[in-house]
Every structure is written in C-alpha cells, then in structure tokens.
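Source file: input.txt. Holds: compact mmCIF, C-alpha atoms.
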# COMPACT_ATOMS: atom_id res chain seq x y z
CA MET A 1 -15.04 36.02 39.88
CA ALA A 2 -15.92 32.37 39.93
CA ILE A 3 -13.85 29.98 41.97
CA ILE A 4 -13.59 26.35 40.97
CA LYS A 5 -12.57 24.00 43.70
CA VAL A 6 -10.96 20.74 42.70
CA SER A 7 -11.06 18.05 45.35
CA ASN A 8 -9.50 14.63 45.45
CA GLN A 9 -12.92 13.06 45.31
CA GLY A 10 -12.55 12.53 41.55
CA PHE A 11 -15.18 12.93 38.90
CA SER A 12 -18.32 10.90 38.68
CA GLY A 13 -19.51 9.64 35.33
CA THR A 14 -16.80 9.35 32.66
CA LYS A 15 -13.68 7.42 33.49
CA GLY A 16 -11.72 8.77 30.55
CA ILE A 17 -10.05 6.53 28.01
CA THR A 18 -10.08 2.93 29.14
CA MET A 19 -8.24 1.49 26.16
CA ALA A 20 -5.58 2.99 23.90
CA ASP A 21 -3.07 1.09 21.84
CA ALA A 22 -0.56 1.86 19.09
CA PHE A 23 1.29 -0.25 16.55
CA ARG A 24 3.97 0.54 13.99
CA LYS A 25 5.64 -1.31 11.15
CA THR A 26 9.11 -2.25 12.36
CA ALA A 27 11.03 -2.12 9.07
CA THR A 28 10.79 -0.88 5.52
CA SER A 29 9.76 -3.58 3.08
CA ALA A 30 8.79 -3.93 -0.56
CA PHE A 31 5.25 -4.59 -1.71
CA SER A 32 4.32 -6.06 -5.07
CA ALA A 33 2.60 -4.14 -7.81
CA THR A 34 -1.17 -4.24 -8.23
CA THR A 35 -1.65 -6.74 -5.41
CA ASN A 36 -3.71 -6.23 -2.27
CA THR A 37 -1.11 -7.35 0.26
CA THR A 38 -1.70 -7.62 3.99
CA ILE A 39 0.82 -5.56 5.95
CA THR A 40 2.79 -7.63 8.46
CA GLY A 41 5.77 -6.90 10.66
CA TRP A 42 3.96 -4.90 13.35
CA GLU A 43 5.05 -4.15 16.88
CA ARG A 44 3.37 -2.35 19.73
CA VAL A 45 4.88 1.12 20.09
CA ASP A 46 7.30 0.91 23.02
CA THR A 47 9.00 4.29 22.94
CA GLU A 48 7.45 6.74 25.40
CA PHE A 49 4.23 4.77 25.26
CA SER A 50 2.49 2.02 27.19
CA GLN A 51 -0.93 0.82 26.26
CA ILE A 52 -3.90 1.76 28.37
CA GLY A 53 -6.05 -1.19 29.32
CA THR A 54 -5.91 -4.47 27.46
CA GLY A 55 -4.55 -3.96 23.97
CA LEU A 56 -5.12 -5.55 20.60
CA THR A 57 -3.80 -8.96 19.67
CA GLU A 58 -1.97 -9.32 16.35
CA SER A 59 -1.10 -12.38 14.29
CA SER A 60 0.18 -12.31 10.69
CA GLY A 61 -1.10 -8.79 10.25
CA ILE A 62 -4.59 -9.52 11.54
CA PHE A 63 -5.76 -7.69 14.66
CA THR A 64 -8.38 -8.80 17.16
CA PHE A 65 -10.05 -6.81 19.91
CA PRO A 66 -9.86 -7.21 23.70
CA GLN A 67 -13.49 -6.27 24.33
CA THR A 68 -16.58 -5.09 22.56
CA GLY A 69 -17.10 -1.38 22.08
CA ILE A 70 -16.79 1.48 19.66
CA TYR A 71 -13.23 2.02 18.50
CA PHE A 72 -11.59 4.96 16.76
CA ILE A 73 -8.59 4.16 14.56
CA SER A 74 -6.09 6.68 13.21
CA TYR A 75 -3.70 5.32 10.61
CA SER A 76 -0.96 6.70 8.41
CA GLY A 77 1.52 5.07 6.07
CA VAL A 78 4.72 6.43 4.53
CA PHE A 79 5.70 5.23 1.08
CA SER A 80 8.64 5.86 -1.22
CA ASP A 81 9.29 5.17 -4.88
CA THR A 82 11.57 6.23 -7.69
CA GLN A 83 8.96 6.26 -10.39
CA ALA A 84 5.63 7.93 -10.88
CA VAL A 85 2.59 5.99 -9.76
CA ARG A 86 -1.07 6.78 -10.25
CA TYR A 87 -1.98 5.24 -6.95
CA VAL A 88 -0.88 3.53 -3.79
CA GLY A 89 -3.93 2.03 -2.20
CA ASN A 90 -3.94 1.76 1.55
CA HIS A 91 -7.08 0.13 2.84
CA LEU A 92 -8.67 -1.04 6.07
CA TYR A 93 -10.24 -4.48 5.77
CA VAL A 94 -12.70 -5.67 8.41
CA SER A 95 -14.02 -9.15 9.07
CA THR A 96 -17.15 -9.86 11.09
CA ASP A 97 -17.03 -13.65 10.68
CA GLY A 98 -13.79 -14.60 12.38
CA GLY A 99 -11.56 -13.88 9.40
CA SER A 100 -13.32 -16.04 6.83
CA ASN A 101 -14.18 -12.96 4.77
CA PHE A 102 -12.79 -9.42 4.83
CA SER A 103 -14.44 -6.35 3.34
CA VAL A 104 -12.91 -2.97 2.62
CA ARG A 105 -14.27 -0.45 5.10
CA SER A 106 -11.91 2.46 4.51
CA TYR A 107 -10.14 3.37 1.29
CA GLY A 108 -7.06 5.53 1.02
CA TYR A 109 -5.08 6.54 -2.05
CA GLN A 110 -2.01 8.60 -2.76
CA ALA A 111 0.04 9.21 -5.91
CA ILE A 112 3.60 10.10 -6.87
CA PRO A 113 3.76 12.58 -9.74
CA HIS A 114 7.32 12.32 -11.06
CA ASP A 115 9.85 9.73 -12.17
CA THR A 116 13.02 11.43 -11.03
CA ASP A 117 14.81 10.64 -7.77
CA THR A 118 13.08 9.06 -4.79
CA TRP A 119 9.75 10.52 -3.79
CA TYR A 120 8.11 10.14 -0.41
CA MET A 121 4.49 10.50 0.51
CA SER A 122 2.26 9.94 3.48
CA GLN A 123 -1.35 8.91 3.53
CA HIS A 124 -3.67 9.23 6.51
CA GLN A 125 -7.11 7.95 7.30
CA THR A 126 -9.39 7.42 10.25
CA HIS A 127 -12.20 5.01 10.93
CA ILE A 128 -14.79 4.23 13.57
CA LEU A 129 -15.78 0.64 14.17
CA ASP A 130 -18.49 -0.77 16.41
CA VAL A 131 -17.17 -4.11 17.62
CA THR A 132 -20.12 -6.14 18.80
CA ASP A 133 -18.44 -9.55 18.97
CA ILE A 134 -14.75 -9.96 19.76
CA SER A 135 -14.78 -13.56 18.54
CA ASN A 136 -15.66 -12.53 15.02
CA PHE A 137 -14.44 -8.95 14.51
CA GLN A 138 -10.95 -8.60 13.04
CA PHE A 139 -9.17 -6.03 10.92
CA LYS A 140 -6.04 -5.70 8.82
CA TRP A 141 -4.28 -3.07 6.75
CA VAL A 142 -3.70 -3.76 3.08
CA ILE A 143 -1.40 -2.10 0.57
CA ASN A 144 -1.99 -2.04 -3.17
CA PRO A 145 0.60 -0.01 -5.13
CA GLU A 146 0.51 0.43 -8.89
CA HIS A 147 4.19 -0.49 -9.08
CA ASN A 148 6.49 -2.36 -6.74
CA MET A 149 7.02 0.03 -3.86
CA ASN A 150 8.64 0.38 -0.44
CA ILE A 151 6.48 0.91 2.62
CA GLN A 152 8.46 2.64 5.34
CA GLY A 153 8.87 1.23 8.83
CA ASN A 154 11.17 1.60 11.80
CA THR A 155 11.37 0.15 15.27
CA ASN A 156 12.34 3.45 16.89
CA ASN A 157 9.86 5.80 15.29
CA ARG A 158 6.49 5.58 13.68
CA ARG A 159 6.41 5.79 9.90
CA THR A 160 3.63 3.39 9.08
CA GLY A 161 1.38 2.71 12.02
CA PHE A 162 -1.88 3.37 13.76
CA GLU A 163 -3.40 4.35 17.08
CA ILE A 164 -6.65 2.91 18.35
CA PHE A 165 -8.90 4.14 21.13
CA ARG A 166 -11.97 2.61 22.69
CA ILE A 167 -14.34 5.56 22.89
CA GLY A 168 -17.52 3.94 24.13
CA ASP A 169 -19.69 0.92 24.64
CA THR A 170 -21.24 -0.88 21.72
CA MET B 1 10.45 -14.69 -11.77
CA ALA B 2 7.82 -12.46 -13.30
CA SER B 3 5.09 -11.03 -11.11
CA LEU B 4 1.57 -12.36 -11.29
CA SER B 5 0.31 -9.07 -12.69
CA SER B 6 2.85 -9.11 -15.52
CA LYS B 7 1.83 -12.62 -16.50
CA ILE B 8 -1.84 -11.65 -16.44
CA ILE B 9 -1.13 -8.66 -18.68
CA ALA B 10 0.76 -10.90 -21.09
CA TYR B 11 -2.08 -13.43 -21.07
CA ALA B 12 -4.71 -10.73 -21.60
CA ASN B 13 -2.74 -9.12 -24.43
CA ASP B 14 -2.46 -12.51 -26.09
CA LYS B 15 -6.23 -12.90 -25.86
CA GLY B 16 -6.87 -9.51 -27.45
CA VAL B 17 -7.29 -7.38 -24.33
CA ALA B 18 -5.12 -4.30 -24.74
CA SER B 19 -4.89 -3.28 -21.10
CA VAL B 20 -5.80 -4.55 -17.64
CA ASP B 21 -6.96 -2.30 -14.82
CA PHE B 22 -5.95 -3.92 -11.55
CA MET B 23 -8.33 -1.64 -9.67
CA SER B 24 -11.41 -3.05 -11.40
CA ASP B 25 -10.75 -5.68 -14.09
CA VAL B 26 -8.66 -8.02 -12.00
CA LEU B 27 -8.08 -7.87 -8.27
CA LEU B 28 -5.01 -9.60 -6.86
CA GLN B 29 -4.49 -10.43 -3.22
CA ASP B 30 -1.63 -11.58 -1.03
CA ASP B 31 -2.58 -12.56 2.52
CA SER B 32 1.06 -12.51 3.64
CA ASN B 33 0.79 -16.14 4.71
CA GLY B 34 3.59 -17.41 2.49
CA GLN B 35 1.26 -18.58 -0.26
CA GLY B 36 1.97 -15.59 -2.49
CA ALA B 37 -0.37 -13.53 -4.62
CA TYR B 38 -3.50 -14.95 -6.20
CA ILE B 39 -6.44 -13.78 -8.29
CA LYS B 40 -9.18 -12.62 -5.93
CA LYS B 41 -11.62 -11.37 -8.57
CA TRP B 42 -11.69 -11.71 -12.32
CA ASN B 43 -13.96 -9.29 -14.15
CA LEU B 44 -12.55 -9.51 -17.68
CA ASP B 45 -14.68 -11.06 -20.42
CA ILE B 46 -11.94 -13.52 -21.35
CA ALA B 47 -11.61 -16.72 -19.34
CA LYS B 48 -9.75 -16.61 -16.06
CA PRO B 49 -6.38 -18.31 -16.68
CA THR B 50 -5.17 -21.34 -14.79
CA ASP B 51 -1.80 -21.34 -13.04
CA GLU B 52 -0.47 -23.59 -15.80
CA GLN B 53 -1.61 -21.16 -18.48
CA LEU B 54 -0.03 -18.22 -16.71
CA ALA B 55 3.24 -20.11 -16.33
CA THR B 56 3.56 -20.24 -20.11
CA TYR B 57 3.78 -16.42 -20.14
CA GLU B 58 6.78 -16.30 -17.81
CA THR B 59 9.29 -15.36 -20.50
CA VAL B 60 7.05 -12.73 -22.11
CA ALA B 61 6.30 -11.23 -18.71
CA ASN B 62 9.96 -11.18 -17.72
CA THR B 63 10.79 -9.30 -20.92
CA ALA B 64 8.01 -6.81 -20.28
CA GLU B 65 9.24 -6.18 -16.73
CA SER B 66 12.81 -5.80 -17.92
CA ASN B 67 11.76 -3.31 -20.57
CA ALA B 68 9.67 -1.39 -18.07
CA ASN B 69 12.79 -0.96 -15.96
CA VAL B 70 14.73 0.19 -19.01
CA ILE B 71 12.03 2.76 -19.78
CA GLN B 72 12.20 4.05 -16.22
CA THR B 73 15.97 4.38 -16.46
CA ARG B 74 15.67 6.23 -19.75
CA LYS B 75 13.05 8.62 -18.36
CA LYS B 76 15.25 9.49 -15.41
CA LEU B 77 18.22 10.13 -17.67
CA TYR B 78 16.13 12.23 -20.06
CA GLY B 79 15.33 14.46 -17.13
CA LEU B 80 12.51 16.90 -16.66
CA PRO B 81 11.21 18.91 -19.67
CA GLU B 82 12.95 22.09 -18.46
CA LYS B 83 16.29 20.29 -18.57
CA GLN B 84 15.65 19.15 -22.13
CA LEU B 85 14.44 22.60 -23.17
CA GLU B 86 17.50 24.22 -21.68
CA ASN B 87 19.78 21.86 -23.58
CA ILE B 88 17.97 22.64 -26.83
CA ILE B 89 18.18 26.39 -26.32
CA GLU B 90 21.80 26.38 -25.21
CA ASN B 91 23.19 23.68 -27.51
CA GLY B 92 20.68 23.26 -30.30
CA LEU B 93 18.12 20.60 -31.16
CA GLN B 94 20.71 18.22 -32.55
CA ALA B 95 22.53 18.16 -29.22
CA GLU B 96 19.36 17.00 -27.49
CA ILE B 97 18.66 14.41 -30.19
CA ASP B 98 22.19 13.05 -29.82
CA ARG B 99 21.86 12.94 -26.04
CA VAL B 100 18.56 11.07 -26.15
CA ASN B 101 19.84 8.63 -28.77
CA GLN B 102 22.90 7.92 -26.64
CA ILE B 103 20.71 7.20 -23.65
CA LYS B 104 18.65 4.77 -25.74
CA THR B 105 21.80 3.07 -27.03
CA ASP B 106 23.19 2.73 -23.54
CA ASN B 107 19.90 1.32 -22.24
CA PRO B 108 18.54 -1.05 -24.89
CA LYS B 109 15.23 -2.80 -24.60
CA SER B 110 14.88 -6.55 -25.08
CA GLU B 111 12.97 -7.93 -28.05
If you took the structure in this file and wrote it as structure tokens, what would it be?
Amino acid sequence: MAIIKVSNQGFSGTKGITMADAFRKTATSAFSATTNTTITGWERVDTEFSQIGTGLTESSGIFTFPQTGIYFISYSGVFSDTQAVRYVGNHLYVSTDGGSNFSVRSYGYQAIPHDTDTWYMSQHQTHILDVTDISNFQFKWVINPEHNMNIQGNTNNRRTGFEIFRIGDT
Amino acid sequence: MASLSSKIIAYANDKGVASVDFMSDVLLQDDSNGQGAYIKKWNLDIAKPTDEQLATYETVANTAESNANVIQTRKKLYGLPEKQLENIIENGLQAEIDRVNQIKTDNPKSE
C-alpha cells in the first residue's frame, strides 16, 4: 500500500488559479429587435463569491483586463419571450485596438418555437482569449433578438452572466 | 416611435425589396451609449437610406408594428392546432370558424 505524505511545505510549480472573476446582469431588461445591442447593467457577483486576484474593469458594458495572459470565459444568458423567434443571437465581441473596432469571436444562437404563453431559454458558450496587450484588448457581450425580447437579470442570483479565469501566461 | 428595423423594412418594401434579413442584408447596432441603434452594415442592392428618408416611413412602420402585435394576439387566442382540432371534432367546423372570426373581429388590424 502506498502512503502519500502531505507536508506544509506546499507544492512547487503551479500556483493554482491566480485570477477568477464573475459578473452578472443585475436586472431584466428589454432588447430591441434585430439590433446588435451591447449588454450593460453588470455587477461583480457578490453572493458567496469574491474575486481571486485583480479582476476585470467594466464601463458601459465593455470589459478590460488586469494583466496579459490566456483567459477562459464561460457565459450564459437567460431570455424570455411570448412569441416564437427564429433566433436570439448572443455574441462575444473582442477588440484588439482599444475599442475602436470590435469583431465577433464567439457566436451563440437560441430559438423559441411557440407563440403561446411565456417561454424561457438559456444559451451557453465558452471562449478562450490570449490577451497580449491590456491597453488594447477589450470585450463585450452583444444581444441580437429577432423580436423585442427580455434578457433576464437579477442582483441576487445569476441569470445572465459569465465567469472568467486566467489559465496561463500569454 | 417605430423601431429602426421596422422603418428599414418599410423603406425596402417601398423600393421593391420584399423582405430584409437582419442577419445578413442589414446589420443594426446599438452600443448602449445613449445614441440608439444605427445601421452598421448595408448589404442590400438598393441605396442605404438617410435618417431623413427613414423618418418619412414612421407612420407606415408604426402601423406594421401595431399589426404585428395584433397578429401575435390572434395567434395566442387561436391556440395550438390540437385545441382547434378538438373544437372542430367536438363542436363542428362552423364552431371553429365562428370562434376564429370573433377573434379577428375583436382584434382588428389597422389599414
């Protein structure tokens, strides 16, 4: 039988996660049909969570990074509507020139099949981003529903939000 | 006030374009900076409209949006196909015709 001894000397090598952050949309709000609209109204998750390391900075829905590195982002949005829609686009836009131009780097779509009552859906996506310059790298989440639609948010629980982890050096 | 997309549809229809795909033909964007939505890309063959041109389609677009809401209301009241089928089987075709006509009368579309 093998015996593993754990000392208080700690591990050498990896230091574990040095940066983890989480944001959520604080309230449900309506988004206009067929328009790529930047999601605003974010807050850092403050229920049973405190960020690890220096977190993101957010202004008007645009996020900037605390340091260079490779980041993993896990996002999900909750939507509701009372009529059928072919699509609700939920996209990650990234800028590498300080916000002058944004390009779609991750597409997400969901649909509602029926017109009766209120239907809810959730859409999830992940993305990895190599941030080589914190002065110029930014990202934002954008919604594009076929019809006017509510995007769910709450300040006590996460409905639309994302988690981000720095998983390595650039 | 009509949405930008409704005014673009009205403008395009007026110029002979039957439908507009807002995933490819025209891309609208709102940067959530208080400036509202604007045309990010225009891929239709007809000329991109000016703001002044689009403003002239306000009334037409408002009517279209109003009628779209009426259609949604009607569809909800019609119910799912199984509900309609059940009514026909239990009460006859005329009962379903009368029910649908009453829904249309109660929820008229604008001209």
- Task: Using only C-alpha atoms, pick whichever of B:Leu54, B:Leu4, B:Ile88, B:Val60 has the shortest atom-to-atom distance to chain A.
- Result: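 The answer is B:Leu4, which sits nearest to chain A.
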- Which distance in Å separates atom CA of Asp133 of chain A and atom CA of Thr160 of chain A, to one decimal?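 Those two atoms sit 27.4 Å apart.
Coordinates place atom CA of Gly34 of chain B at a distance of 28.7 Å from atom CA of His127 of chain A.
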- Message: I'd like the interatomic distance between atom CA of Trp42 of chain B and atom CA of Leu27 of chain B, to a tenth of an Å.
- Response: 6.6 Å
Select from chain B every residue with an atom at most 7 Å from any atom of chain A, then for each give the shortest pair of atoms and their distance in Å to one decimal, using all atoms listed in the file, rows by chain and rising number, as a Markdown table.
| residue | atom | partner | partner_atom | distance |
| --- | --- | --- | --- | --- |
| B:Ser5 | CA | A:Thr34 | CA | 6.7 |
| B:Phe22 | CA | A:Thr34 | CA | 5.8 |
| B:Leu28 | CA | A:Thr35 | CA | 4.6 |
| B:Gln29 | CA | A:Asn36 | CA | 4.4 |
| B:Asp30 | CA | A:Thr37 | CA | 4.5 |
| B:Asp31 | CA | A:Thr38 | CA | 5.2 |
| B:Ser32 | CA | A:Thr38 | CA | 5.6 |
| B:Ala37 | CA | A:Thr35 | CA | 7.0 |
| B:Lys76 | CA | A:Thr116 | CA | 5.3 |
Protein and nucleic acid residues near (15.1, 18.2, -26.1) (cut-off 9 Å, all atoms listed in the file) as a PDB file with C-alpha atoms, in the coordinates of the input:
ATOM      1  CA  TYR B  78      16.130  12.230 -20.060  1.00  0.00           C
ATOM      2  CA  PRO B  81      11.210  18.910 -19.670  1.00  0.00           C
ATOM      3  CA  GLU B  82      12.950  22.090 -18.460  1.00  0.00           C
ATOM      4  CA  LYS B  83      16.290  20.290 -18.570  1.00  0.00           C
ATOM      5  CA  GLN B  84      15.650  19.150 -22.130  1.00  0.00           C
ATOM      6  CA  LEU B  85      14.440  22.600 -23.170  1.00  0.00           C
ATOM      7  CA  GLU B  86      17.500  24.220 -21.680  1.00  0.00           C
ATOM      8  CA  ASN B  87      19.780  21.860 -23.580  1.00  0.00           C
ATOM      9  CA  ILE B  88      17.970  22.640 -26.830  1.00  0.00           C
ATOM     10  CA  ILE B  89      18.180  26.390 -26.320  1.00  0.00           C
ATOM     11  CA  GLY B  92      20.680  23.260 -30.300  1.00  0.00           C
ATOM     12  CA  LEU B  93      18.120  20.600 -31.160  1.00  0.00           C
ATOM     13  CA  GLN B  94      20.710  18.220 -32.550  1.00  0.00           C
ATOM     14  CA  ALA B  95      22.530  18.160 -29.220  1.00  0.00           C
ATOM     15  CA  GLU B  96      19.360  17.000 -27.490  1.00  0.00           C
ATOM     16  CA  ILE B  97      18.660  14.410 -30.190  1.00  0.00           C
ATOM     17  CA  ARG B  99      21.860  12.940 -26.040  1.00  0.00           C
ATOM     18  CA  VAL B 100      18.560  11.070 -26.150  1.00  0.00           C
TER      19      VAL B 100
END
- Query: Can you tell me, as JSON, numbers by chain, what residues are no more than 12 Å from segment 102-111 of chain B when counting all atoms listed in the file, ignoring any on the same chain fewer than 3 positions away?
  - Reply: {"B": [59, 60, 61, 62, 63, 64, 65, 66, 67, 68, 69, 70, 71, 72, 73, 74, 75, 76, 77, 78, 79, 95, 96, 97, 98, 99]}
- Item | Near-Ser135 of chain A list (10 Å; only C-alpha atoms; drop same-chain fewer than 5 positions) as a ChimeraX atom specification | /A:64-68,96-99
Can segment 18-29 of chain B be brought up to all heavy atoms and written out as a PDB file, in the frame of the given file?
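And here is the file that came out, result28.pdb:
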ATOM      1  N   ALA B  18      -6.263  -5.222 -24.619  1.00  0.00           N
ATOM      2  CA  ALA B  18      -5.120  -4.300 -24.740  1.00  0.00           C
ATOM      3  C   ALA B  18      -4.543  -3.895 -23.394  1.00  0.00           C
ATOM      4  O   ALA B  18      -3.331  -3.706 -23.260  1.00  0.00           O
ATOM      5  CB  ALA B  18      -5.550  -3.063 -25.527  1.00  0.00           C
ATOM      6  N   SER B  19      -5.406  -3.731 -22.395  1.00  0.00           N
ATOM      7  CA  SER B  19      -4.890  -3.280 -21.100  1.00  0.00           C
ATOM      8  C   SER B  19      -5.724  -3.896 -19.976  1.00  0.00           C
ATOM      9  O   SER B  19      -6.889  -4.274 -20.177  1.00  0.00           O
ATOM     10  CB  SER B  19      -4.924  -1.754 -20.996  1.00  0.00           C
ATOM     11  OG  SER B  19      -6.253  -1.291 -21.059  1.00  0.00           O
ATOM     12  N   VAL B  20      -5.126  -3.980 -18.810  1.00  0.00           N
ATOM     13  CA  VAL B  20      -5.800  -4.550 -17.640  1.00  0.00           C
ATOM     14  C   VAL B  20      -5.738  -3.531 -16.509  1.00  0.00           C
ATOM     15  O   VAL B  20      -4.658  -3.034 -16.165  1.00  0.00           O
ATOM     16  CB  VAL B  20      -5.121  -5.855 -17.181  1.00  0.00           C
ATOM     17  CG1 VAL B  20      -5.822  -6.409 -15.947  1.00  0.00           C
ATOM     18  CG2 VAL B  20      -5.103  -6.876 -18.310  1.00  0.00           C
ATOM     19  N   ASP B  21      -6.904  -3.213 -15.966  1.00  0.00           N
ATOM     20  CA  ASP B  21      -6.960  -2.300 -14.820  1.00  0.00           C
ATOM     21  C   ASP B  21      -7.049  -3.162 -13.551  1.00  0.00           C
ATOM     22  O   ASP B  21      -8.073  -3.830 -13.320  1.00  0.00           O
ATOM     23  CB  ASP B  21      -8.179  -1.382 -14.925  1.00  0.00           C
ATOM     24  CG  ASP B  21      -8.187  -0.306 -13.846  1.00  0.00           C
ATOM     25  OD1 ASP B  21      -7.533  -0.513 -12.786  1.00  0.00           O
ATOM     26  OD2 ASP B  21      -8.835   0.731 -14.046  1.00  0.00           O
ATOM     27  N   PHE B  22      -5.985  -3.086 -12.750  1.00  0.00           N
ATOM     28  CA  PHE B  22      -5.950  -3.920 -11.550  1.00  0.00           C
ATOM     29  C   PHE B  22      -6.703  -3.285 -10.371  1.00  0.00           C
ATOM     30  O   PHE B  22      -6.600  -3.752  -9.247  1.00  0.00           O
ATOM     31  CB  PHE B  22      -4.497  -4.230 -11.173  1.00  0.00           C
ATOM     32  CG  PHE B  22      -3.856  -5.226 -12.090  1.00  0.00           C
ATOM     33  CD1 PHE B  22      -3.067  -4.807 -13.150  1.00  0.00           C
ATOM     34  CD2 PHE B  22      -4.081  -6.575 -11.913  1.00  0.00           C
ATOM     35  CE1 PHE B  22      -2.488  -5.731 -14.014  1.00  0.00           C
ATOM     36  CE2 PHE B  22      -3.519  -7.512 -12.776  1.00  0.00           C
ATOM     37  CZ  PHE B  22      -2.719  -7.082 -13.827  1.00  0.00           C
ATOM     38  N   MET B  23      -7.433  -2.207 -10.674  1.00  0.00           N
ATOM     39  CA  MET B  23      -8.330  -1.640  -9.670  1.00  0.00           C
ATOM     40  C   MET B  23      -9.760  -2.122  -9.901  1.00  0.00           C
ATOM     41  O   MET B  23     -10.610  -1.989  -9.022  1.00  0.00           O
ATOM     42  CB  MET B  23      -8.308  -0.121  -9.742  1.00  0.00           C
ATOM     43  CG  MET B  23      -6.917   0.458  -9.614  1.00  0.00           C
ATOM     44  SD  MET B  23      -6.488   1.077  -8.021  1.00  0.00           S
ATOM     45  CE  MET B  23      -7.630   2.372  -7.741  1.00  0.00           C
ATOM     46  N   SER B  24     -10.026  -2.649 -11.105  1.00  0.00           N
ATOM     47  CA  SER B  24     -11.410  -3.050 -11.400  1.00  0.00           C
ATOM     48  C   SER B  24     -11.492  -4.341 -12.205  1.00  0.00           C
ATOM     49  O   SER B  24     -12.327  -5.200 -11.907  1.00  0.00           O
ATOM     50  CB  SER B  24     -12.136  -1.924 -12.154  1.00  0.00           C
ATOM     51  OG  SER B  24     -11.428  -1.591 -13.341  1.00  0.00           O
ATOM     52  N   ASP B  25     -10.657  -4.496 -13.231  1.00  0.00           N
ATOM     53  CA  ASP B  25     -10.750  -5.680 -14.090  1.00  0.00           C
ATOM     54  C   ASP B  25     -10.336  -6.952 -13.364  1.00  0.00           C
ATOM     55  O   ASP B  25     -11.021  -7.973 -13.445  1.00  0.00           O
ATOM     56  CB  ASP B  25      -9.855  -5.510 -15.326  1.00  0.00           C
ATOM     57  CG  ASP B  25     -10.296  -4.369 -16.214  1.00  0.00           C
ATOM     58  OD1 ASP B  25     -11.484  -4.011 -16.159  1.00  0.00           O
ATOM     59  OD2 ASP B  25      -9.452  -3.834 -16.950  1.00  0.00           O
ATOM     60  N   VAL B  26      -9.212  -6.861 -12.719  1.00  0.00           N
ATOM     61  CA  VAL B  26      -8.660  -8.020 -12.000  1.00  0.00           C
ATOM     62  C   VAL B  26      -8.142  -7.538 -10.643  1.00  0.00           C
ATOM     63  O   VAL B  26      -7.397  -6.557 -10.573  1.00  0.00           O
ATOM     64  CB  VAL B  26      -7.492  -8.662 -12.784  1.00  0.00           C
ATOM     65  CG1 VAL B  26      -6.918  -9.840 -11.996  1.00  0.00           C
ATOM     66  CG2 VAL B  26      -7.944  -9.112 -14.167  1.00  0.00           C
ATOM     67  N   LEU B  27      -8.556  -8.213  -9.607  1.00  0.00           N
ATOM     68  CA  LEU B  27      -8.080  -7.870  -8.270  1.00  0.00           C
ATOM     69  C   LEU B  27      -7.190  -8.988  -7.749  1.00  0.00           C
ATOM     70  O   LEU B  27      -7.621 -10.149  -7.676  1.00  0.00           O
ATOM     71  CB  LEU B  27      -9.259  -7.647  -7.315  1.00  0.00           C
ATOM     72  CG  LEU B  27     -10.270  -6.568  -7.721  1.00  0.00           C
ATOM     73  CD1 LEU B  27     -11.339  -6.414  -6.642  1.00  0.00           C
ATOM     74  CD2 LEU B  27      -9.576  -5.232  -7.979  1.00  0.00           C
ATOM     75  N   LEU B  28      -5.965  -8.631  -7.396  1.00  0.00           N
ATOM     76  CA  LEU B  28      -5.010  -9.600  -6.860  1.00  0.00           C
ATOM     77  C   LEU B  28      -4.895  -9.420  -5.359  1.00  0.00           C
ATOM     78  O   LEU B  28      -5.043  -8.308  -4.849  1.00  0.00           O
ATOM     79  CB  LEU B  28      -3.635  -9.408  -7.516  1.00  0.00           C
ATOM     80  CG  LEU B  28      -3.604  -9.451  -9.041  1.00  0.00           C
ATOM     81  CD1 LEU B  28      -2.173  -9.270  -9.539  1.00  0.00           C
ATOM     82  CD2 LEU B  28      -4.187 -10.746  -9.563  1.00  0.00           C
ATOM     83  N   GLN B  29      -4.602 -10.505  -4.682  1.00  0.00           N
ATOM     84  CA  GLN B  29      -4.490 -10.430  -3.220  1.00  0.00           C
ATOM     85  C   GLN B  29      -3.338 -11.307  -2.744  1.00  0.00           C
ATOM     86  O   GLN B  29      -3.054 -12.358  -3.305  1.00  0.00           O
ATOM     87  CB  GLN B  29      -5.811 -10.891  -2.578  1.00  0.00           C
ATOM     88  CG  GLN B  29      -5.856 -10.681  -1.070  1.00  0.00           C
ATOM     89  CD  GLN B  29      -7.281 -10.666  -0.545  1.00  0.00           C
ATOM     90  OE1 GLN B  29      -8.154  -9.996  -1.097  1.00  0.00           O
ATOM     91  NE2 GLN B  29      -7.524 -11.403   0.510  1.00  0.00           N
TER      92      GLN B  29
END
